[in-house]
>>> print(open('query-v6.csv').read())   # CSV, C-alpha atoms and all ligand atoms
chain,number,residue,atom,x,y,z
A,1,MET,CA,-4.7,33.7,15.2
A,2,THR,CA,-4.1,37.4,15.1
A,3,ALA,CA,-4.0,39.3,11.9
A,4,ILE,CA,-0.9,41.3,11.0
A,5,GLU,CA,-2.3,44.5,9.5
A,6,ARG,CA,-0.3,45.8,6.7
A,7,PRO,CA,0.3,49.6,7.0
A,8,GLY,CA,-0.4,50.2,3.3
A,9,LEU,CA,-3.9,48.6,3.3
A,10,ARG,CA,-6.0,51.7,3.4
A,11,ARG,CA,-3.9,53.5,0.8
A,12,TRP,CA,-4.1,50.4,-1.4
A,13,LEU,CA,-7.8,50.3,-1.2
A,14,LEU,CA,-8.1,54.0,-2.0
A,15,ALA,CA,-5.7,53.6,-4.9
A,16,LEU,CA,-7.6,50.6,-6.2
A,17,CYS,CA,-10.9,52.6,-6.1
A,18,LEU,CA,-9.3,55.5,-7.9
A,19,GLY,CA,-7.6,53.4,-10.5
A,20,LEU,CA,-4.1,54.6,-9.3
A,21,PRO,CA,-1.0,52.5,-10.0
A,22,LEU,CA,-0.7,50.2,-7.0
A,23,LEU,CA,3.0,49.1,-6.9
A,24,GLY,CA,4.2,52.6,-7.7
A,25,ALA,CA,2.2,54.0,-4.8
A,26,GLN,CA,4.0,51.6,-2.4
A,27,GLY,CA,7.4,52.0,-3.9
A,28,GLY,CA,7.5,48.2,-4.7
A,29,ALA,CA,8.0,47.3,-1.0
A,30,ARG,CA,6.4,43.9,-0.6
A,31,ALA,CA,5.8,44.2,3.1
A,32,GLN,CA,3.7,47.2,2.4
A,33,ALA,CA,2.3,46.0,-0.9
A,34,GLU,CA,0.1,43.3,0.6
A,35,PRO,CA,-3.4,44.8,1.0
A,36,TYR,CA,-4.8,41.6,2.4
A,37,ARG,CA,-4.8,40.5,6.0
A,38,VAL,CA,-1.9,38.3,7.0
A,39,PHE,CA,-2.6,36.3,10.1
A,40,ASP,CA,0.1,35.2,12.5
A,41,ALA,CA,-0.4,31.5,11.7
A,42,ARG,CA,2.1,29.1,10.0
A,43,PRO,CA,1.3,25.8,8.5
A,44,VAL,CA,3.0,22.7,9.8
A,45,ILE,CA,4.6,20.4,7.2
A,46,THR,CA,3.2,17.1,8.3
A,47,GLU,CA,4.6,14.8,5.6
A,48,GLY,CA,7.6,15.0,3.3
A,49,PRO,CA,8.9,16.6,1.3
A,50,TYR,CA,9.7,13.6,-0.8
A,51,LEU,CA,10.8,13.3,-4.4
A,52,VAL,CA,9.1,11.2,-7.1
A,53,ALA,CA,10.3,10.1,-10.5
A,54,LEU,CA,13.5,12.1,-10.6
A,55,SER,CA,15.0,12.3,-14.1
A,56,ASP,CA,18.0,13.9,-15.7
A,57,THR,CA,16.2,17.2,-16.1
A,58,ALA,CA,13.1,17.1,-13.9
A,59,VAL,CA,11.7,16.1,-10.5
A,60,THR,CA,8.4,16.2,-8.6
A,61,ALA,CA,8.4,17.1,-5.0
A,62,VAL,CA,5.4,16.4,-2.7
A,63,TRP,CA,4.6,17.5,0.8
A,64,MET,CA,1.6,17.9,3.1
A,65,THR,CA,0.5,20.6,5.5
A,66,ASP,CA,-1.9,20.6,8.3
A,67,ALA,CA,-3.8,23.6,7.0
A,68,PRO,CA,-4.7,25.0,3.6
A,69,SER,CA,-1.6,26.6,2.0
A,70,HIS,CA,0.0,27.4,-1.3
A,71,ALA,CA,3.4,26.1,-2.0
A,72,ARG,CA,6.6,26.8,-3.8
A,73,LEU,CA,10.0,25.1,-4.1
A,74,ARG,CA,13.2,27.2,-3.5
A,75,LEU,CA,15.9,25.6,-5.6
A,76,THR,CA,19.6,26.5,-5.3
A,77,GLU,CA,22.4,25.5,-7.7
A,78,GLY,CA,25.6,27.0,-6.5
A,79,ALA,CA,25.0,30.7,-6.0
A,80,THR,CA,21.9,30.6,-8.1
A,81,VAL,CA,18.5,30.6,-6.4
A,82,ARG,CA,15.2,30.3,-8.1
A,83,GLU,CA,11.7,29.6,-6.9
A,84,VAL,CA,9.2,27.3,-8.6
A,85,GLU,CA,5.5,27.8,-8.0
A,86,PRO,CA,2.8,25.6,-9.5
A,87,GLN,CA,-0.4,26.8,-11.2
A,88,VAL,CA,-3.4,24.9,-12.4
A,89,ASP,CA,-5.6,26.6,-15.0
A,90,GLY,CA,-4.1,29.9,-14.0
A,91,LEU,CA,-4.6,29.6,-10.3
A,92,VAL,CA,-2.0,28.8,-7.6
A,93,PRO,CA,-3.3,25.6,-5.9
A,94,VAL,CA,-4.4,26.0,-2.3
A,95,GLY,CA,-4.8,22.8,-0.2
A,96,LEU,CA,-3.1,20.3,2.1
A,97,ARG,CA,-1.2,18.3,-0.5
A,98,HIS,CA,1.5,20.2,-2.4
A,99,VAL,CA,3.0,19.1,-5.6
A,100,VAL,CA,5.8,21.0,-7.4
A,101,THR,CA,7.3,19.8,-10.6
A,102,VAL,CA,10.6,21.3,-11.6
A,103,THR,CA,11.8,21.0,-15.2
A,104,GLY,CA,14.8,22.3,-17.1
A,105,LEU,CA,17.3,21.0,-14.7
A,106,THR,CA,20.9,20.1,-15.7
A,107,PRO,CA,21.8,16.4,-15.8
A,108,GLY,CA,24.2,15.1,-13.1
A,109,THR,CA,23.8,18.3,-11.0
A,110,ARG,CA,23.3,18.7,-7.3
A,111,TYR,CA,20.5,21.0,-6.3
A,112,GLY,CA,19.7,22.3,-2.9
A,113,TYR,CA,16.0,22.7,-2.1
A,114,GLU,CA,13.5,23.8,0.5
A,115,ALA,CA,9.8,23.1,0.4
A,116,ILE,CA,7.8,26.2,1.4
A,117,ALA,CA,4.1,26.5,2.3
A,118,THR,CA,2.3,29.7,3.0
A,119,ARG,CA,-1.0,29.6,4.9
A,120,VAL,CA,-4.2,30.6,3.2
A,121,VAL,CA,-6.7,31.4,5.9
A,122,LYS,CA,-9.7,32.3,3.8
A,123,LEU,CA,-10.2,32.3,0.1
A,124,ASN,CA,-12.3,35.5,-0.2
A,125,PRO,CA,-13.0,36.6,-3.9
A,126,TYR,CA,-10.9,39.7,-3.3
A,127,TRP,CA,-8.3,40.0,-0.6
A,128,PRO,CA,-8.1,36.4,0.6
A,129,ASP,CA,-6.8,36.2,4.1
A,130,LYS,CA,-3.3,34.8,4.3
A,131,GLY,CA,-0.9,33.6,6.9
A,132,LEU,CA,2.8,33.1,7.3
A,133,SER,CA,5.2,30.6,5.6
A,134,ALA,CA,6.9,27.4,6.8
A,135,SER,CA,9.9,25.8,5.2
A,136,SER,CA,11.3,22.3,5.2
A,137,GLU,CA,14.9,21.8,6.3
A,138,ALA,CA,17.4,22.4,3.6
A,139,ALA,CA,18.0,19.2,1.5
A,140,SER,CA,19.5,18.3,-1.8
A,141,PHE,CA,19.3,15.9,-4.6
A,142,THR,CA,21.3,15.1,-7.7
A,143,THR,CA,19.7,14.7,-11.1
A,144,PHE,CA,20.4,11.5,-13.0
A,145,SER,CA,22.7,11.7,-16.0
A,146,ALA,CA,23.1,9.7,-19.1
A,147,ALA,CA,26.8,10.1,-18.6
A,148,GLN,CA,27.1,8.8,-15.1
A,149,PRO,CA,29.4,5.8,-15.0
A,150,ARG,CA,27.3,3.7,-12.6
A,151,ALA,CA,23.6,3.3,-11.7
A,152,ALA,CA,22.3,1.6,-8.5
A,153,PHE,CA,18.8,1.0,-7.3
A,154,ALA,CA,17.2,-0.7,-4.4
A,155,VAL,CA,14.0,-2.6,-5.4
A,156,MET,CA,11.1,-3.9,-3.3
A,157,THR,CA,7.6,-5.0,-4.0
A,158,ASP,CA,4.3,-6.2,-2.7
A,159,THR,CA,4.8,-4.6,0.7
A,160,HIS,CA,0.9,-4.8,1.1
A,161,GLU,CA,0.7,-2.3,4.0
A,162,ASP,CA,3.1,-4.2,6.3
A,163,THR,CA,5.1,-1.3,7.8
A,164,GLY,CA,7.4,-3.7,9.6
A,165,ARG,CA,8.3,-5.3,6.3
A,166,ILE,CA,9.0,-1.9,4.8
A,167,ARG,CA,11.2,-0.9,7.7
A,168,ARG,CA,13.2,-4.1,7.6
A,169,LEU,CA,13.8,-3.9,3.9
A,170,MET,CA,14.7,-0.2,4.0
A,171,LYS,CA,17.4,-0.9,6.7
A,172,LEU,CA,19.2,-3.0,4.1
A,173,ILE,CA,19.8,-0.1,1.8
A,174,ASP,CA,23.1,1.7,1.7
A,175,TRP,CA,22.0,5.1,0.5
A,176,ARG,CA,25.5,6.3,-0.1
A,177,ARG,CA,25.7,3.9,-3.0
A,178,THR,CA,22.1,3.9,-4.2
A,179,ASP,CA,20.5,6.3,-6.7
A,180,ALA,CA,16.8,5.5,-6.1
A,181,LEU,CA,14.2,3.3,-4.6
A,182,ILE,CA,12.0,1.4,-7.0
A,183,HIS,CA,8.8,0.0,-5.6
A,184,LEU,CA,7.2,-2.5,-7.9
A,185,GLY,CA,3.7,-2.0,-6.8
A,186,ASP,CA,1.0,-3.5,-4.5
A,187,ALA,CA,2.0,-1.3,-1.6
A,188,PHE,CA,-1.7,-1.8,-0.6
A,189,ASP,CA,-4.4,-4.4,-0.4
A,190,TRP,CA,-6.7,-1.7,-1.7
A,191,VAL,CA,-6.5,2.1,-1.6
A,192,ALA,CA,-9.0,3.6,0.9
A,193,SER,CA,-7.7,7.0,2.1
A,194,GLU,CA,-5.0,9.5,2.3
A,195,GLU,CA,-4.2,8.6,5.8
A,196,GLN,CA,-3.7,4.9,4.8
A,197,VAL,CA,-1.5,6.0,1.9
A,198,PHE,CA,0.9,7.7,4.3
A,199,ARG,CA,0.5,5.5,7.4
A,200,ASN,CA,0.9,2.1,5.6
A,201,TRP,CA,3.4,3.0,2.9
A,202,LEU,CA,4.7,6.5,2.3
A,203,ARG,CA,5.5,7.5,5.9
A,204,PRO,CA,7.9,4.6,6.7
A,205,THR,CA,9.2,4.7,3.2
A,206,ILE,CA,10.0,8.5,3.3
A,207,ALA,CA,11.5,8.1,6.8
A,208,ALA,CA,14.2,5.9,5.3
A,209,LEU,CA,14.4,7.6,1.9
A,210,GLY,CA,14.8,11.1,3.3
A,211,PRO,CA,14.3,14.2,1.2
A,212,GLY,CA,17.2,13.6,-1.2
A,213,LYS,CA,16.6,10.2,-2.8
A,214,PRO,CA,13.8,9.6,-5.3
A,215,LEU,CA,11.0,7.1,-5.2
A,216,LEU,CA,10.2,5.4,-8.6
A,217,PHE,CA,6.9,3.6,-8.4
A,218,ALA,CA,5.4,1.0,-10.8
A,219,ARG,CA,1.7,0.7,-10.0
A,220,GLY,CA,0.4,-2.7,-9.0
A,221,ASN,CA,-3.0,-4.2,-9.6
A,222,HIS,CA,-4.1,-3.6,-6.0
A,223,GLU,CA,-3.5,0.2,-6.5
A,224,LEU,CA,-6.4,0.1,-9.0
A,225,ARG,CA,-8.8,-0.9,-6.3
A,226,GLY,CA,-10.7,0.8,-3.5
A,227,PRO,CA,-12.4,4.1,-2.9
A,228,PHE,CA,-9.2,6.1,-3.0
A,229,ALA,CA,-7.7,4.4,-6.1
A,230,ARG,CA,-8.7,7.4,-8.3
A,231,GLN,CA,-6.8,9.8,-6.1
A,232,PHE,CA,-3.8,7.6,-5.6
A,233,ALA,CA,-1.7,8.9,-8.5
A,234,GLY,CA,-1.6,12.3,-6.8
A,235,TYR,CA,0.7,10.9,-4.1
A,236,VAL,CA,3.2,9.5,-6.6
A,237,PRO,CA,3.0,12.3,-9.2
A,238,THR,CA,5.6,12.3,-12.0
A,239,PRO,CA,6.9,15.2,-14.1
A,240,GLU,CA,5.3,13.5,-17.1
A,241,GLY,CA,1.9,13.3,-15.4
A,242,ARG,CA,1.5,9.6,-16.0
A,243,LEU,CA,2.5,6.4,-14.2
A,244,TYR,CA,4.8,5.1,-16.9
A,245,TYR,CA,8.0,6.7,-18.0
A,246,ALA,CA,11.6,6.2,-18.9
A,247,ARG,CA,14.8,7.4,-17.3
A,248,ALA,CA,18.4,7.7,-18.6
A,249,ILE,CA,20.6,6.7,-15.8
A,250,GLY,CA,24.2,6.2,-17.0
A,251,PRO,CA,24.5,2.6,-18.3
A,252,VAL,CA,20.8,1.9,-17.6
A,253,HIS,CA,17.8,2.9,-19.7
A,254,LEU,CA,15.1,2.3,-17.2
A,255,MET,CA,11.5,1.9,-18.2
A,256,VAL,CA,8.9,2.0,-15.4
A,257,LEU,CA,5.7,0.5,-16.6
A,258,ASP,CA,2.1,0.1,-15.4
A,259,THR,CA,0.8,-3.4,-15.9
A,260,GLY,CA,-2.7,-2.5,-14.8
A,261,GLU,CA,-5.1,-5.2,-13.5
A,262,ASP,CA,-4.8,-8.9,-13.5
A,263,LYS,CA,-8.2,-9.7,-14.8
A,264,PRO,CA,-10.3,-8.6,-17.8
A,265,ASP,CA,-12.1,-5.3,-17.6
A,266,ASP,CA,-15.5,-7.1,-17.9
A,267,THR,CA,-14.8,-9.3,-14.9
A,268,ASN,CA,-17.9,-8.9,-12.7
A,269,VAL,CA,-15.9,-7.8,-9.6
A,270,TYR,CA,-15.0,-4.6,-11.4
A,271,ALA,CA,-18.7,-3.7,-12.0
A,272,GLN,CA,-17.9,-2.2,-15.4
A,273,LEU,CA,-15.7,0.5,-13.9
A,274,ASN,CA,-12.4,-0.6,-15.4
A,275,ARG,CA,-11.1,0.5,-18.8
A,276,THR,CA,-7.5,-0.8,-18.8
A,277,VAL,CA,-7.6,-1.9,-22.4
A,278,PRO,CA,-7.4,1.7,-23.9
A,279,TYR,CA,-5.1,2.7,-21.1
A,280,ARG,CA,-2.6,-0.1,-21.9
A,281,GLU,CA,-2.9,0.6,-25.6
A,282,ALA,CA,-1.9,4.2,-25.0
A,283,GLU,CA,1.0,3.0,-22.8
A,284,LEU,CA,2.1,0.5,-25.5
A,285,ALA,CA,2.0,3.3,-28.1
A,286,TRP,CA,4.2,5.4,-25.9
A,287,LEU,CA,6.7,2.5,-25.4
A,288,ARG,CA,6.8,1.9,-29.2
A,289,GLU,CA,7.8,5.5,-29.7
A,290,GLN,CA,10.4,5.2,-27.0
A,291,VAL,CA,11.9,2.2,-28.7
A,292,ARG,CA,11.7,3.9,-32.1
A,293,SER,CA,13.2,7.2,-31.2
A,294,ASP,CA,15.0,7.3,-27.9
A,295,ALA,CA,18.8,7.7,-28.4
A,296,HIS,CA,19.7,6.6,-24.8
A,297,LEU,CA,17.6,3.5,-25.1
A,298,ALA,CA,19.4,2.7,-28.4
A,299,ARG,CA,22.9,3.1,-27.0
A,300,ALA,CA,22.7,2.3,-23.3
A,301,PRO,CA,24.6,-0.9,-22.3
A,302,PHE,CA,21.4,-2.1,-20.5
A,303,ARG,CA,17.7,-1.7,-21.0
A,304,VAL,CA,15.8,-2.5,-17.8
A,305,VAL,CA,12.0,-2.7,-17.3
A,306,ALA,CA,10.5,-2.3,-13.8
A,307,MET,CA,6.9,-3.3,-13.6
A,308,HIS,CA,4.5,-5.1,-11.3
A,309,GLN,CA,3.3,-8.2,-13.2
A,310,GLY,CA,6.0,-10.2,-14.9
A,311,ASP,CA,3.6,-11.5,-17.6
A,312,TRP,CA,2.8,-7.8,-18.5
A,313,GLY,CA,-0.6,-7.9,-16.7
A,314,TRP,CA,-4.0,-8.9,-18.1
A,315,LEU,CA,-4.1,-8.1,-21.8
A,316,PRO,CA,-6.5,-9.2,-24.6
A,317,ASP,CA,-3.6,-10.8,-26.5
A,318,GLY,CA,-2.0,-12.3,-23.4
A,319,GLY,CA,0.8,-9.8,-23.6
A,320,ALA,CA,2.1,-10.9,-27.0
A,321,ALA,CA,2.6,-7.4,-28.3
A,322,TRP,CA,4.4,-6.2,-25.3
A,323,ARG,CA,6.7,-9.2,-25.2
A,324,ALA,CA,7.5,-8.8,-28.9
A,325,LEU,CA,8.3,-5.1,-28.4
A,326,ALA,CA,10.5,-5.8,-25.5
A,327,ASN,CA,12.3,-8.5,-27.5
A,328,GLN,CA,12.8,-6.2,-30.4
A,329,ALA,CA,13.9,-3.3,-28.2
A,330,GLY,CA,16.6,-5.6,-26.7
A,331,VAL,CA,15.4,-5.4,-23.2
A,332,ASP,CA,18.0,-7.0,-21.0
A,333,LEU,CA,16.2,-7.4,-17.7
A,334,VAL,CA,12.6,-7.3,-16.5
A,335,LEU,CA,12.2,-6.7,-12.7
A,336,ALA,CA,8.7,-7.7,-11.5
A,337,GLY,CA,6.7,-8.7,-8.4
A,338,HIS,CA,3.1,-9.7,-7.9
A,339,ASP,CA,3.8,-13.4,-7.2
A,340,HIS,CA,5.0,-12.9,-3.6
A,341,GLU,CA,7.9,-15.3,-4.2
A,342,PHE,CA,11.1,-15.3,-6.0
A,343,SER,CA,11.6,-16.7,-9.4
A,344,TYR,CA,14.1,-16.3,-12.2
A,345,ALA,CA,13.8,-17.2,-15.9
A,346,PRO,CA,16.7,-16.7,-18.2
A,347,PRO,CA,16.1,-15.6,-21.8
A,348,ASP,CA,14.4,-18.2,-23.9
A,349,ALA,CA,12.4,-18.6,-27.1
A,350,ALA,CA,9.5,-16.6,-25.7
A,351,HIS,CA,11.4,-13.7,-24.2
A,352,GLY,CA,14.9,-12.4,-24.9
A,353,TYR,CA,15.3,-10.8,-21.5
A,354,HIS,CA,16.1,-12.1,-18.0
A,355,LEU,CA,12.9,-12.1,-16.0
A,356,LEU,CA,13.5,-11.7,-12.3
A,357,VAL,CA,10.4,-11.8,-10.0
A,358,LEU,CA,11.1,-10.4,-6.5
A,359,GLY,CA,9.5,-12.0,-3.5
A,360,GLN,CA,7.5,-10.1,-0.9
A,361,ASP,CA,10.1,-10.0,1.9
A,362,GLN,CA,13.1,-9.5,-0.4
A,363,LEU,CA,15.3,-6.6,-1.5
A,364,ALA,CA,17.0,-6.5,-4.9
A,365,ARG,CA,20.2,-4.4,-5.2
A,366,VAL,CA,20.7,-3.5,-8.8
A,367,GLU,CA,24.0,-2.1,-9.9
A,368,ALA,CA,25.2,-1.4,-13.4
A,369,THR,CA,28.4,-0.3,-15.0
A,370,ALA,CA,29.0,-0.1,-18.8
A,371,ARG,CA,30.1,-3.7,-18.8
A,372,LEU,CA,28.1,-5.5,-16.2
A,373,LEU,CA,24.7,-5.4,-14.6
A,374,THR,CA,24.4,-7.2,-11.2
A,375,VAL,CA,21.3,-8.0,-9.3
A,376,GLU,CA,21.7,-9.2,-5.8
A,377,VAL,CA,18.5,-10.4,-4.1
A,378,VAL,CA,18.5,-10.8,-0.3
A,379,THR,CA,15.9,-11.6,2.3
A,380,SER,CA,14.7,-9.1,4.8
A,381,SER,CA,17.4,-10.3,7.2
A,382,GLY,CA,20.0,-9.8,4.6
A,383,ALA,CA,20.5,-13.5,3.7
A,384,PRO,CA,21.4,-14.1,0.0
A,385,VAL,CA,18.7,-15.4,-2.3
A,386,HIS,CA,20.1,-15.1,-5.8
A,387,THR,CA,22.8,-13.2,-7.6
A,388,LEU,CA,22.4,-12.4,-11.3
A,389,LYS,CA,25.2,-11.1,-13.5
A,390,ILE,CA,24.4,-9.9,-17.0
A,391,PRO,CA,27.3,-8.8,-19.2
A,392,ALA,CA,26.6,-6.0,-21.6
A,393,ARG,CA,25.6,-7.3,-25.0
A,394,ALA,CA,27.7,-6.2,-27.9
A,395,LEU,CA,24.6,-4.9,-29.8
A,396,THR,CA,24.6,-2.4,-32.5
A,397,ARG,CA,21.5,-0.5,-31.5
A,398,ALA,CA,21.2,1.3,-34.8
A,399,GLY,CA,20.4,-2.1,-36.4
A,400,PRO,CA,17.2,-3.9,-36.6
A,401,THR,CA,15.6,-2.5,-33.4
A,402,LEU,CA,15.5,1.1,-34.6
A,403,ASN,CA,15.0,0.5,-38.3
A,404,GLY,CA,12.9,-2.6,-38.3
A,405,ALA,CA,9.1,-2.7,-38.3
A,406,LEU,CA,7.8,-2.7,-34.7
A,407,PRO,CA,5.1,-4.9,-33.5
B,1,FE,FE,-0.1,-7.9,-7.6
>>> encode(input="query-v6.csv", output="structure tokens")
Amino acid sequence: MTAIERPGLRRWLLALCLGLPLLGAQGGARAQAEPYRVFDARPVITEGPYLVALSDTAVTAVWMTDAPSHARLRLTEGATVREVEPQVDGLVPVGLRHVVTVTGLTPGTRYGYEAIATRVVKLNPYWPDKGLSASSEAASFTTFSAAQPRAAFAVMTDTHEDTGRIRRLMKLIDWRRTDALIHLGDAFDWVASEEQVFRNWLRPTIAALGPGKPLLFARGNHELRGPFARQFAGYVPTPEGRLYYARAIGPVHLMVLDTGEDKPDDTNVYAQLNRTVPYREAELAWLREQVRSDAHLARAPFRVVAMHQGDWGWLPDGGAAWRALANQAGVDLVLAGHDHEFSYAPPDAAHGYHLLVLGQDQLARVEATARLLTVEVVTSSGAPVHTLKIPARALTRAGPTLNGALP
């Protein structure tokens, strides 16, 4: 690496010592206004960018570089260009993994974007040594909208580190007609390292997803295990900063939930390191508030839950409070995995929703209009498994769900 010396360096140093105005001394010219060394070294973008948890007004982009860098996202909407740069506690993050969340977007709008990383060679206390920038190829995405007439998702689950399985399933997706990929969890046996996260899941997933379609991820019980489990969320970060959230996507109000572990916190295999009870209580409180106050949930033709364990995961009450809330909210469909084989249960006395459990080597294509929600499940070779058609219920959402006492 060779340093690109900025001609204004000496003058800047002198000005700083004398307390003179810095920018004025340089006439505001940025090329001359960088009194730090800039080396002739660019980072390489090694993974991504990929988009996580897109909404109608926000998205989180993630990418990796081979060398420490800081990052920004250049966003274009028509002729308008803006750059979004993250900060954590007042500092621009410097590292190999780059996460930029953009908020304040307009629903149903196409945005162009480029992921940019600028090399940081050495973090001196003053005058850190910098390098040059690298940009991803120009890409675009379109924000969801509550007003879009149609919603379409591809859904897979329990891929358990089988990259061949991921590739076979991803080939079945027609991205021209699909808004998002939903992965219902257990992408891993357990989470051990960053390299494993990319090699055994994200790399083949992103290769098919591209930079323009979002990944929506519902954490599985296996993602709570292993030495890298505590870092895992950083690879599927959301604008909300948590692993459960809701999205308004035309006729569908989608709730992505985290069903935690499949055994009690005090099970000896967890060695007293799990605290899913308070975590799930906080999640349930959030969902209660959703049901109580969200206007799109109230009026959408379909309420769909995407989660890993179809029985709501291990819970002290066996999931009774969650089931009751889902019933009261008028959830139409629960999409789940975990069992590694297909099953379907129509609404019954225990649950008012259709419960569809997707098998391990299956893809579900979910498509909804204002009148009809269709789920088509196929094998990894494209053979039909099951087709489910749910007509929109003629519900007055301002009735008992919103005004009644919630469980
Ligand atoms: Fe599971």
>>> atom_distance(input="query-v6.csv", atom1="CA of Arg365 (chain A)", atom2="CA of Asp174 (chain A)")
9.7 Å
>>> residues_near_ligand(input="query-v6.csv", ligand="ligand FE 1 (chain B)", cutoff="7 Å", atoms="only C-alpha atoms and all ligand atoms", output="list in words")
Asp158, Asp186, Gly220, Asn221, His222, His308, Gln309, Gly337, His338 and Asp339 of chain A
>>> atom_distance(input="query-v6.csv", atom1="CA of Ala208 (chain A)", atom2="CA of Leu373 (chain A)")
25.2 Å
>>> atom_distance(input="query-v6.csv", atom1="CA of Leu257 (chain A)", atom2="CA of Tyr235 (chain A)")
17.0 Å
>>> residues_around(input="query-v6.csv", residues="Asp265 (chain A)", least_positions_apart="3", cutoff="9 Å", atoms="all atoms listed in the file", output="PyMOL selection string")
chain A and resi 261+268+270-277+314
>>> closest_residue(input="query-v6.csv", among="A:Leu75, A:Val62, A:Leu215, A:Val305", to="Val100 (chain A)", atoms="all atoms listed in the file")
A:Val62
>>> residues_around(input="query-v6.csv", residues="Tyr111 (chain A)", least_positions_apart="4", cutoff="8 Å", atoms="only C-alpha atoms", output="list in words")
Leu75, Thr76, Glu77, Gly78, Ser140, Phe141, Thr142 and Thr143 of chain A
>>> residues_near_point(input="query-v6.csv", point="(17.6, 10.8, -1.9)", cutoff="8 Å", atoms="only C-alpha atoms", output="PyMOL selection string")
chain A and resi 51+140-141+175+179-180+209-214
>>> closest_residue(input="query-v6.csv", among="A:Thr374, A:Leu355, A:Ala192, A:Gln231", to="Ala154 (chain A)", atoms="all atoms listed in the file")
A:Thr374
>>> residues_around(input="query-v6.csv", residues="Val378 (chain A)", least_positions_apart="5", cutoff="10 Å", atoms="only C-alpha atoms", output="PyMOL selection string")
chain A and resi 169+172+358-359+361-365+383-387
>>> residues_around(input="query-v6.csv", residues="region 293-304 of chain A", least_positions_apart="5", cutoff="8 Å", atoms="all atoms listed in the file", output="NGL selection string")
:A and (146 or 248 or 250-255 or 330-335 or 370-371 or 373 or 392-393 or 396-398 or 402)
>>> closest_residue(input="query-v6.csv", among="A:Pro68, A:Ala349, A:Leu105, A:Ala139", to="Pro93 (chain A)", atoms="all atoms listed in the file")
A:Pro68
>>> residues_around(input="query-v6.csv", residues="Val52 (chain A)", least_positions_apart="5", cutoff="7 Å", atoms="all atoms listed in the file", output="PyMOL selection string")
chain A and resi 59-61+214-216+236-238
>>> closest_residue(input="query-v6.csv", among="A:Lys263, A:Lys389, A:His70, A:His160", to="Glu376 (chain A)", atoms="all atoms listed in the file")
A:Lys389
>>> closest_residue(input="query-v6.csv", among="A:Tyr353, A:Trp201, A:Tyr36, A:Phe342", to="Thr379 (chain A)", atoms="all atoms listed in the file")
A:Phe342
